[in-house]
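Structure data (CSV, C-alpha atoms and all ligand atoms) from data33.csv:
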```csv
chain,number,residue,atom,x,y,z
A,1,MET,CA,89.8,35.7,103.4
A,2,SER,CA,90.6,37.2,106.7
A,3,ARG,CA,94.1,36.5,108.2
A,4,ARG,CA,92.6,34.6,111.1
A,5,LEU,CA,90.7,32.2,108.8
A,6,LEU,CA,93.9,31.7,106.8
A,7,LEU,CA,95.8,30.8,109.9
A,8,ILE,CA,93.1,28.4,111.1
A,9,VAL,CA,93.0,26.7,107.7
A,10,GLY,CA,96.8,26.6,107.5
A,11,LEU,CA,97.1,25.1,111.0
A,12,SER,CA,94.5,22.5,110.3
A,13,LEU,CA,96.2,21.4,107.1
A,14,LEU,CA,99.5,21.3,108.9
A,15,MET,CA,98.0,19.1,111.7
A,16,THR,CA,96.3,16.8,109.2
A,17,ALA,CA,99.7,16.4,107.4
A,18,ILE,CA,101.5,15.7,110.6
A,19,SER,CA,99.0,13.1,111.7
A,20,CYS,CA,99.7,11.2,108.5
A,21,THR,CA,103.3,10.3,109.4
A,22,PRO,CA,103.6,6.6,109.5
A,23,SER,CA,106.3,6.6,112.1
A,24,HIS,CA,104.4,7.4,115.3
A,25,PRO,CA,104.1,4.6,117.9
A,26,GLN,CA,100.4,3.9,117.3
A,27,SER,CA,100.4,4.2,113.5
A,28,THR,CA,98.1,1.9,111.6
A,29,PHE,CA,100.3,2.4,108.5
A,30,ASP,CA,103.7,1.3,109.8
A,31,VAL,CA,102.6,-2.2,110.8
A,32,THR,CA,103.8,-5.7,111.4
A,33,GLY,CA,102.1,-9.1,111.1
A,34,PRO,CA,99.4,-10.4,108.8
A,35,ILE,CA,96.4,-8.9,110.6
A,36,ALA,CA,97.6,-5.3,110.7
A,37,SER,CA,99.1,-5.4,107.2
A,38,GLY,CA,95.9,-7.0,105.8
A,39,GLN,CA,93.9,-4.2,107.4
A,40,ARG,CA,96.2,-1.6,106.1
A,41,ASP,CA,96.2,-3.0,102.6
A,42,LEU,CA,92.4,-3.2,102.6
A,43,PHE,CA,92.3,0.5,103.7
A,44,SER,CA,94.8,1.4,100.9
A,45,LEU,CA,92.7,-0.3,98.3
A,46,MET,CA,89.6,1.5,99.3
A,47,PHE,CA,91.4,4.8,99.8
A,48,TRP,CA,93.0,4.8,96.3
A,49,LEU,CA,89.8,3.6,94.6
A,50,ALA,CA,87.9,6.4,96.3
A,51,ALA,CA,90.7,8.9,95.4
A,52,VAL,CA,90.4,7.9,91.7
A,53,VAL,CA,86.6,8.3,91.8
A,54,PHE,CA,86.9,11.6,93.6
A,55,VAL,CA,89.4,13.1,91.1
A,56,LEU,CA,87.4,11.8,88.2
A,57,VAL,CA,84.0,13.1,89.5
A,58,GLU,CA,85.4,16.5,90.6
A,59,GLY,CA,87.4,16.8,87.4
A,60,ILE,CA,84.3,16.3,85.2
A,61,PHE,CA,82.3,18.6,87.6
A,62,ILE,CA,84.8,21.4,87.3
A,63,TYR,CA,85.2,20.9,83.6
A,64,VAL,CA,81.5,21.1,83.1
A,65,ILE,CA,81.2,24.3,85.2
A,66,PHE,CA,83.6,26.1,83.0
A,67,ARG,CA,82.8,24.5,79.6
A,68,TYR,CA,79.1,25.1,79.9
A,69,ARG,CA,79.0,28.3,81.8
A,70,ARG,CA,76.5,30.9,80.6
A,71,LYS,CA,78.0,32.8,77.7
A,72,GLY,CA,75.2,34.6,76.0
A,73,ASN,CA,71.5,34.8,76.3
A,74,GLU,CA,70.4,32.0,74.0
A,75,MET,CA,68.8,28.9,75.6
A,76,PRO,CA,71.2,25.9,75.5
A,77,ALA,CA,70.2,22.5,74.0
A,78,GLN,CA,67.9,20.6,76.4
A,79,HIS,CA,68.4,16.8,77.1
A,80,HIS,CA,66.0,14.5,79.0
A,81,GLY,CA,67.5,11.2,80.1
A,82,ASN,CA,70.3,9.2,78.5
A,83,THR,CA,69.9,5.5,78.9
A,84,ARG,CA,73.4,4.5,78.0
A,85,MET,CA,74.9,6.9,80.6
A,86,GLU,CA,72.5,5.8,83.3
A,87,ILE,CA,73.3,2.2,82.8
A,88,ALA,CA,77.0,3.0,82.8
A,89,TRP,CA,76.9,5.0,86.1
A,90,THR,CA,74.9,2.2,87.7
A,91,ILE,CA,77.2,-0.6,86.6
A,92,ALA,CA,80.5,1.1,87.2
A,93,PRO,CA,80.0,1.8,90.9
A,94,ALA,CA,78.5,-1.8,91.3
A,95,LEU,CA,81.8,-3.2,89.9
A,96,LEU,CA,83.8,-1.0,92.1
A,97,LEU,CA,81.9,-2.2,95.1
A,98,VAL,CA,82.6,-5.8,94.1
A,99,VAL,CA,86.3,-5.0,93.9
A,100,VAL,CA,86.0,-3.8,97.5
A,101,MET,CA,83.7,-6.5,98.7
A,102,VAL,CA,85.7,-9.5,97.7
A,103,PRO,CA,88.9,-8.8,99.7
A,104,THR,CA,86.8,-7.4,102.6
A,105,ILE,CA,84.8,-10.6,103.0
A,106,GLN,CA,88.0,-12.6,102.6
A,107,LYS,CA,89.7,-10.5,105.4
A,108,ILE,CA,86.6,-10.8,107.7
A,109,PHE,CA,86.9,-14.6,107.5
A,110,GLU,CA,90.7,-14.6,107.8
A,111,ASN,CA,90.5,-12.4,110.9
A,112,ALA,CA,87.8,-14.5,112.5
A,113,SER,CA,89.7,-17.8,112.3
A,114,PRO,CA,92.9,-18.1,114.3
A,115,PRO,CA,95.4,-20.5,112.8
A,116,ASP,CA,95.5,-24.0,114.4
A,117,ASN,CA,98.9,-23.4,116.0
A,118,SER,CA,97.9,-20.2,117.8
A,119,TYR,CA,98.9,-19.6,121.3
A,120,GLU,CA,96.1,-18.8,123.7
A,121,ILE,CA,96.2,-15.7,126.0
A,122,ALA,CA,93.3,-14.2,128.0
A,123,VAL,CA,93.2,-10.4,128.1
A,124,ILE,CA,91.2,-9.0,131.1
A,125,GLY,CA,90.4,-5.3,131.1
A,126,HIS,CA,90.2,-3.6,134.5
A,127,GLN,CA,89.6,0.1,135.3
A,128,TRP,CA,92.4,1.1,134.3
A,129,TRP,CA,94.9,-1.6,133.6
A,130,TRP,CA,95.3,-4.9,131.7
A,131,GLU,CA,95.7,-8.4,133.0
A,132,PHE,CA,97.2,-11.1,130.8
A,133,GLU,CA,96.7,-14.7,131.6
A,134,TYR,CA,98.6,-17.2,129.5
A,135,LEU,CA,96.7,-20.3,128.8
A,136,ASP,CA,98.6,-22.3,126.1
A,137,CYS,CA,101.9,-21.6,124.3
A,138,GLY,CA,102.3,-24.8,122.4
A,139,PRO,CA,105.8,-26.2,123.3
A,140,VAL,CA,106.5,-23.4,125.8
A,141,ASP,CA,105.0,-24.2,129.2
A,142,CYS,CA,103.2,-20.9,130.0
A,143,ALA,CA,99.9,-22.1,131.3
A,144,GLY,CA,98.9,-20.2,134.5
A,145,LEU,CA,101.3,-17.4,134.0
A,146,VAL,CA,99.7,-14.1,134.9
A,147,THR,CA,101.1,-10.6,134.2
A,148,ALA,CA,99.9,-7.1,133.7
A,149,ASN,CA,100.2,-4.2,131.3
A,150,GLU,CA,103.2,-5.6,129.4
A,151,LEU,CA,102.5,-8.5,127.1
A,152,HIS,CA,105.2,-10.7,125.7
A,153,ILE,CA,104.6,-12.7,122.5
A,154,PRO,CA,107.0,-14.5,120.2
A,155,ALA,CA,107.7,-13.1,116.8
A,156,GLY,CA,106.0,-14.8,113.9
A,157,GLN,CA,103.6,-16.7,116.1
A,158,PRO,CA,99.8,-16.3,115.8
A,159,VAL,CA,98.2,-15.6,119.2
A,160,ASN,CA,94.5,-16.0,119.9
A,161,PHE,CA,93.3,-13.6,122.6
A,162,THR,CA,90.2,-14.1,124.6
A,163,LEU,CA,88.9,-10.7,125.6
A,164,VAL,CA,86.8,-10.1,128.7
A,165,SER,CA,86.4,-7.4,131.3
A,166,GLU,CA,86.2,-7.4,135.1
A,167,ASP,CA,84.1,-4.2,135.2
A,168,VAL,CA,83.0,-2.0,132.3
A,169,ILE,CA,83.6,-2.4,128.5
A,170,HIS,CA,87.2,-1.9,127.4
A,171,ALA,CA,88.7,-2.4,124.0
A,172,PHE,CA,92.1,-4.0,123.2
A,173,TRP,CA,94.0,-2.3,120.5
A,174,VAL,CA,97.6,-2.5,119.5
A,175,PRO,CA,97.5,-0.4,116.3
A,176,LYS,CA,100.8,-1.6,114.7
A,177,ILE,CA,99.9,-5.3,115.2
A,178,GLY,CA,96.1,-5.0,114.7
A,179,GLY,CA,92.8,-5.0,116.5
A,180,LYS,CA,90.7,-3.5,117.9
A,181,ARG,CA,88.0,-5.5,119.7
A,182,ASP,CA,85.9,-4.9,122.8
A,183,ALA,CA,86.5,-6.7,126.1
A,184,LEU,CA,83.1,-7.1,127.6
A,185,PRO,CA,82.1,-7.9,131.2
A,186,VAL,CA,81.4,-11.5,131.8
A,187,PRO,CA,80.2,-13.3,135.0
A,188,LYS,CA,82.5,-15.2,137.3
A,189,ASN,CA,82.6,-19.0,137.6
A,190,SER,CA,82.3,-20.7,141.0
A,191,ASP,CA,86.1,-20.7,141.3
A,192,GLY,CA,85.9,-16.9,141.3
A,193,LYS,CA,87.6,-16.5,137.9
A,194,LEU,CA,86.0,-14.8,134.9
A,195,ASP,CA,84.1,-17.1,132.6
A,196,LEU,CA,86.4,-17.1,129.5
A,197,VAL,CA,84.0,-19.3,127.5
A,198,HIS,CA,81.0,-17.0,128.1
A,199,GLN,CA,79.2,-15.9,124.9
A,200,ARG,CA,80.3,-12.4,125.6
A,201,ALA,CA,83.9,-13.3,125.6
A,202,ASN,CA,85.4,-12.0,122.4
A,203,GLN,CA,88.2,-13.5,120.3
A,204,LEU,CA,90.9,-11.7,118.4
A,205,TRP,CA,94.0,-13.2,116.9
A,206,LEU,CA,97.1,-11.2,116.1
A,207,GLN,CA,100.7,-11.9,115.1
A,208,GLY,CA,103.7,-9.6,115.4
A,209,ASP,CA,106.4,-10.5,112.9
A,210,VAL,CA,109.1,-8.0,113.7
A,211,PRO,CA,110.6,-8.1,117.2
A,212,GLY,CA,110.2,-4.9,119.1
A,213,GLU,CA,108.1,-2.9,121.6
A,214,TYR,CA,104.6,-1.9,120.4
A,215,TYR,CA,102.2,0.5,122.0
A,216,GLY,CA,98.6,-0.3,122.8
A,217,GLN,CA,95.7,1.6,124.1
A,218,CYS,CA,92.2,1.0,125.5
A,219,ALA,CA,89.9,2.1,122.7
A,220,GLU,CA,86.6,2.2,124.6
A,221,LEU,CA,85.8,5.0,126.9
A,222,CYS,CA,85.8,3.3,130.3
A,223,GLY,CA,86.0,6.1,132.9
A,224,VAL,CA,88.2,9.0,134.1
A,225,SER,CA,91.5,7.3,133.4
A,226,HIS,CA,90.5,5.7,130.1
A,227,ALA,CA,93.1,7.8,128.2
A,228,ASN,CA,95.7,6.5,130.7
A,229,MET,CA,94.9,2.9,130.1
A,230,ARG,CA,97.7,1.9,127.8
A,231,LEU,CA,99.7,-1.2,127.3
A,232,ARG,CA,102.9,-2.4,125.8
A,233,VAL,CA,103.4,-5.5,123.6
A,234,HIS,CA,106.9,-6.9,123.5
A,235,VAL,CA,107.3,-9.0,120.4
A,236,ASP,CA,110.3,-11.2,121.4
A,237,GLU,CA,112.5,-13.6,119.4
A,238,PRO,CA,111.1,-17.0,120.2
A,239,ASP,CA,114.1,-17.9,122.5
A,240,THR,CA,113.8,-14.7,124.4
A,241,PHE,CA,110.1,-15.4,124.8
A,242,ALA,CA,110.7,-18.8,126.2
A,243,GLN,CA,113.3,-17.3,128.6
A,244,TRP,CA,110.9,-14.7,129.7
A,245,VAL,CA,108.2,-17.3,130.4
A,246,SER,CA,110.5,-19.5,132.5
A,247,ASN,CA,111.8,-16.4,134.4
A,248,GLN,CA,108.3,-15.1,134.9
A,249,LYS,CA,107.2,-18.4,136.4
A,250,SER,CA,110.1,-18.7,138.8
A,251,PRO,CA,109.2,-17.7,142.3
A,252,ASN,CA,110.0,-14.3,143.8
A,253,SER,CA,110.8,-13.9,147.5
A,254,LEU,CA,109.8,-11.4,150.1
A,255,PRO,CA,112.3,-9.0,151.6
A,256,SER,CA,113.6,-9.8,155.1
A,257,SER,CA,111.2,-9.1,157.8
A,258,THR,CA,113.4,-6.4,159.1
A,259,ASN,CA,112.9,-4.4,155.8
A,260,PRO,CA,111.1,-1.2,156.7
A,261,GLY,CA,108.5,-2.0,154.0
A,262,TYR,CA,107.8,-5.6,155.0
A,263,GLU,CA,104.9,-4.9,157.3
A,264,LYS,CA,102.9,-2.8,154.7
A,265,LEU,CA,103.8,-5.1,151.9
A,266,THR,CA,102.5,-8.2,153.6
A,267,THR,CA,99.3,-6.6,154.9
A,268,LEU,CA,98.2,-3.5,152.9
A,269,CYS,CA,99.7,-4.4,149.4
A,270,ALA,CA,98.9,-8.1,149.8
A,271,ALA,CA,95.2,-7.3,149.8
A,272,CYS,CA,95.4,-6.3,146.2
A,273,HIS,CA,98.6,-7.6,144.6
A,274,ALA,CA,100.1,-11.0,143.9
A,275,ILE,CA,103.8,-11.9,143.7
A,276,THR,CA,104.6,-15.5,142.8
A,277,GLY,CA,106.3,-17.5,145.4
A,278,THR,CA,105.3,-15.2,148.3
A,279,THR,CA,102.3,-14.8,150.6
A,280,LEU,CA,101.0,-12.0,148.3
A,281,THR,CA,98.0,-13.4,146.4
A,282,GLY,CA,95.7,-10.4,145.9
A,283,VAL,CA,93.7,-10.1,142.7
A,284,ILE,CA,92.4,-6.6,142.8
A,285,GLY,CA,95.5,-5.0,141.3
A,286,PRO,CA,98.2,-5.9,138.8
A,287,ASP,CA,100.3,-9.0,139.4
A,288,LEU,CA,103.7,-7.6,140.5
A,289,SER,CA,105.8,-10.8,139.9
A,290,HIS,CA,109.2,-9.9,138.5
A,291,TYR,CA,108.1,-6.3,138.4
A,292,GLY,CA,111.6,-5.0,138.1
A,293,ASN,CA,111.7,-6.3,134.5
A,294,ARG,CA,108.9,-4.0,133.4
A,295,GLY,CA,109.7,-0.9,131.5
A,296,THR,CA,106.5,0.9,132.5
A,297,LEU,CA,104.3,1.8,135.4
A,298,ALA,CA,100.6,2.1,135.8
A,299,SER,CA,99.5,0.5,132.5
A,300,ALA,CA,102.3,2.0,130.5
A,301,MET,CA,101.4,5.5,131.6
A,302,PHE,CA,105.0,6.2,133.0
A,303,ASP,CA,108.4,4.8,132.6
A,304,ASN,CA,109.2,2.4,135.5
A,305,THR,CA,112.0,4.5,137.0
A,306,PRO,CA,112.8,4.6,140.8
A,307,GLU,CA,111.6,8.2,140.9
A,308,ASN,CA,108.2,7.5,139.3
A,309,LEU,CA,107.7,4.4,141.3
A,310,LYS,CA,108.3,6.2,144.6
A,311,GLU,CA,106.0,9.0,143.5
A,312,TRP,CA,103.4,6.3,142.7
A,313,LEU,CA,103.7,4.9,146.2
A,314,ARG,CA,103.5,8.4,147.7
A,315,ASP,CA,100.4,9.4,145.8
A,316,PRO,CA,99.0,7.1,143.2
A,317,GLY,CA,95.8,9.2,142.9
A,318,GLY,CA,97.9,12.3,142.0
A,319,MET,CA,99.6,10.4,139.2
A,320,LYS,CA,96.6,8.6,137.8
A,321,PRO,CA,93.2,10.1,138.5
A,322,GLY,CA,90.6,7.8,140.0
A,323,ASN,CA,92.7,4.6,140.1
A,324,ILE,CA,91.6,2.0,142.6
A,325,MET,CA,94.9,1.9,144.6
A,326,ALA,CA,94.4,5.5,145.5
A,327,GLY,CA,91.4,4.5,147.6
A,328,SER,CA,93.8,2.8,150.0
A,329,VAL,CA,97.2,4.4,149.4
A,330,LYS,CA,97.0,8.1,150.0
A,331,PRO,CA,99.7,10.7,150.6
A,332,GLY,CA,101.0,9.9,154.1
A,333,THR,CA,99.9,6.2,154.1
A,334,LEU,CA,103.5,5.1,153.6
A,335,SER,CA,106.5,6.8,155.3
A,336,GLU,CA,109.4,7.9,153.1
A,337,GLU,CA,111.4,5.1,154.6
A,338,GLU,CA,108.8,2.5,153.6
A,339,ILE,CA,108.5,4.1,150.1
A,340,GLU,CA,112.2,3.9,149.6
A,341,ALA,CA,112.4,0.3,150.8
A,342,LEU,CA,109.3,-0.9,148.8
A,343,ALA,CA,110.5,0.7,145.6
A,344,ASP,CA,113.9,-0.9,146.0
A,345,TYR,CA,112.3,-4.3,146.7
A,346,LEU,CA,109.9,-4.0,143.7
A,347,LEU,CA,112.6,-2.9,141.3
A,348,GLY,CA,114.8,-5.8,142.5
A,349,LEU,CA,112.1,-8.4,141.5
A,350,ARG,CA,113.8,-9.6,138.4
B,1,CU,CU,89.3,1.3,128.9
```
Can the structure in the file be given as structure tokens, please?
Amino acid sequence: MSRRLLLIVGLSLLMTAISCTPSHPQSTFDVTGPIASGQRDLFSLMFWLAAVVFVLVEGIFIYVIFRYRRKGNEMPAQHHGNTRMEIAWTIAPALLLVVVMVPTIQKIFENASPPDNSYEIAVIGHQWWWEFEYLDCGPVDCAGLVTANELHIPAGQPVNFTLVSEDVIHAFWVPKIGGKRDALPVPKNSDGKLDLVHQRANQLWLQGDVPGEYYGQCAELCGVSHANMRLRVHVDEPDTFAQWVSNQKSPNSLPSSTNPGYEKLTTLCAACHAITGTTLTGVIGPDLSHYGNRGTLASAMFDNTPENLKEWLRDPGGMKPGNIMAGSVKPGTLSEEEIEALADYLLGLR
């Protein structure tokens, strides 16, 4: 073998080995909640069954190659058919398939039927960000709450998601909690909102058991910034979740009209963004209510730091190719003074 080939083989093996670590943020092995762990267990069952079959078959194969290799010139004994063996190797795989089939079908039904006490949240895919509309959280009054890119759900609570899209096909996937399922475009109702009971609206239920921050990702190629269409799921302690909801529903206020960013905020930004309690009610971009509490910027592509936010306001197209805001906010649209004031204001929305 040439050195270069050895190097390539070695590197590929190394990369395969690295990709197997369960501790990366989008691992489907290091999971929480019944959906993701059920999917992982089903995978493990199939993997180990297949591994046993592989070792057995390859073992016999290699044994036979050596045991019956040509030793002299005499013709070996000839066999034609062996009914017992043929029956055995028909029945054995059929039994193995039954072992795989039973839990698979069980899981398909489990995954398709959300528990009765599930909360209801609509997930709306946009090029290239996520909108979340809370519909029903049982005892917590969340109905009507809209947020973007960072989803909060309580630990140990099943949540049924209704998945739709504003434009092209997206797919909602939070590997450590489960998924993934397509969010398909649906028509709008007469009130201008997407039809959440349309036959193309998909359902997916998930449950996160361990509080923490989980990474998600659009899993359906949806345009130039598809790879940048990420999301975060905060699995909160139930109390923290209830607090988050009530804070998120409380009104924000506009900066004073002497703020250098006031003019642009209430005209330019207002065309696309909503902030509860203010005159901003745009629906083209992410809802920015209580934006200062978010950890990320531009669908979890960046950390929500003052530097990143200012750079975003300076040149959104430079940070995230093709995004819709870049059509209206270009380098120079906002003065440095406005950028400074708007970033301060947005990060102060708590
Ligand atoms: Cu997408």
Q) Which residues form the shell of 12 Å around ligand CU 1 (chain B) when you count all atoms listed in the file, given as a ChimeraX atom specification? A) /A:124-130,164-173,181-185,216-231,299
I'd like a table as a tab-separated table: residues in segment 87-126 of chain A with an atom no more than 10 Å from segment 45-68 of chain A, each row giving the shortest atom pair and its distance in Å to one decimal, only C-alpha atoms counted, sorted by chain and rising residue number.
```
residue	atom	partner	partner_atom	distance
A:Pro93	CA	A:Val53	CA	9.3
A:Leu96	CA	A:Leu49	CA	8.0
A:Leu97	CA	A:Met46	CA	9.5
A:Val99	CA	A:Met46	CA	9.1
A:Val100	CA	A:Met46	CA	6.7
A:Met101	CA	A:Met46	CA	10.0
A:Pro103	CA	A:Leu45	CA	9.4
A:Thr104	CA	A:Met46	CA	9.9
```
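If all atoms listed in the file are the atoms counted, then among A:Val233, A:Leu95, A:Leu288, A:Ile121 the closest residue to Trp205 of chain A is A:Ile121.
Interatomic distance, atom CA of Thr333 of chain A against atom CA of Trp312 of chain A: 11.9 Å.
Proximity to Glu340 of chain A was assessed for A:Ala94, A:Leu313, A:Ala122, A:Ile108 counting all atoms listed in the file; the smallest distance is recorded for A:Leu313.
Between atom CA of Val186 of chain A and atom CA of Phe161 of chain A the interatomic distance comes to 15.2 Å.
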**Q.** Using only C-alpha atoms: which of A:Ile153, A:Leu135, A:Ile8, A:Cys269 has the shortest distance to Pro211 of chain A
**A.** A:Ile153
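Of the residues under consideration (A:Lys330, A:His152, A:His80, A:Lys176), A:His152 shows the shortest atom-to-atom contact distance to Pro238 of chain A when counting only C-alpha atoms.
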Q: Please provide as a PyMOL selection string all residues within 12 Å of Leu346 of chain A, with the sequence filter that same-chain residues fewer than 6 positions apart are discarded (counting all atoms listed in the file).
A: chain A and resi 252-255+261-262+265+269+273+275+287-294+297+304-306+309-310+313+338-340
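In terms of minimum interatomic distance to Arg232 of chain A, A:Gln26 ranks closest within A:Ser328, A:Gln26, A:Asn189, A:Thr83, counting all atoms listed in the file.
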Selection near Val123 of chain A, 6 Å with only C-alpha atoms, sequence-local residues under 2 positions removed, as a JSON list (two decimals) with C-alpha atoms, in the frame of the given file:
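The resulting out-v4.json:
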```
[["chain", "number", "residue", "atom", "x", "y", "z"],
["A", 131, "GLU", "CA", 95.70, -8.40, 133.00],
["A", 132, "PHE", "CA", 97.20, -11.10, 130.80],
["A", 162, "THR", "CA", 90.20, -14.10, 124.60],
["A", 163, "LEU", "CA", 88.90, -10.70, 125.60]]
```
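Using all atoms listed in the file for every distance, the candidate list A:Glu150, A:Gly38, A:Met75, A:Gln207 yields A:Gln207 as the residue closest to Asn117 of chain A.
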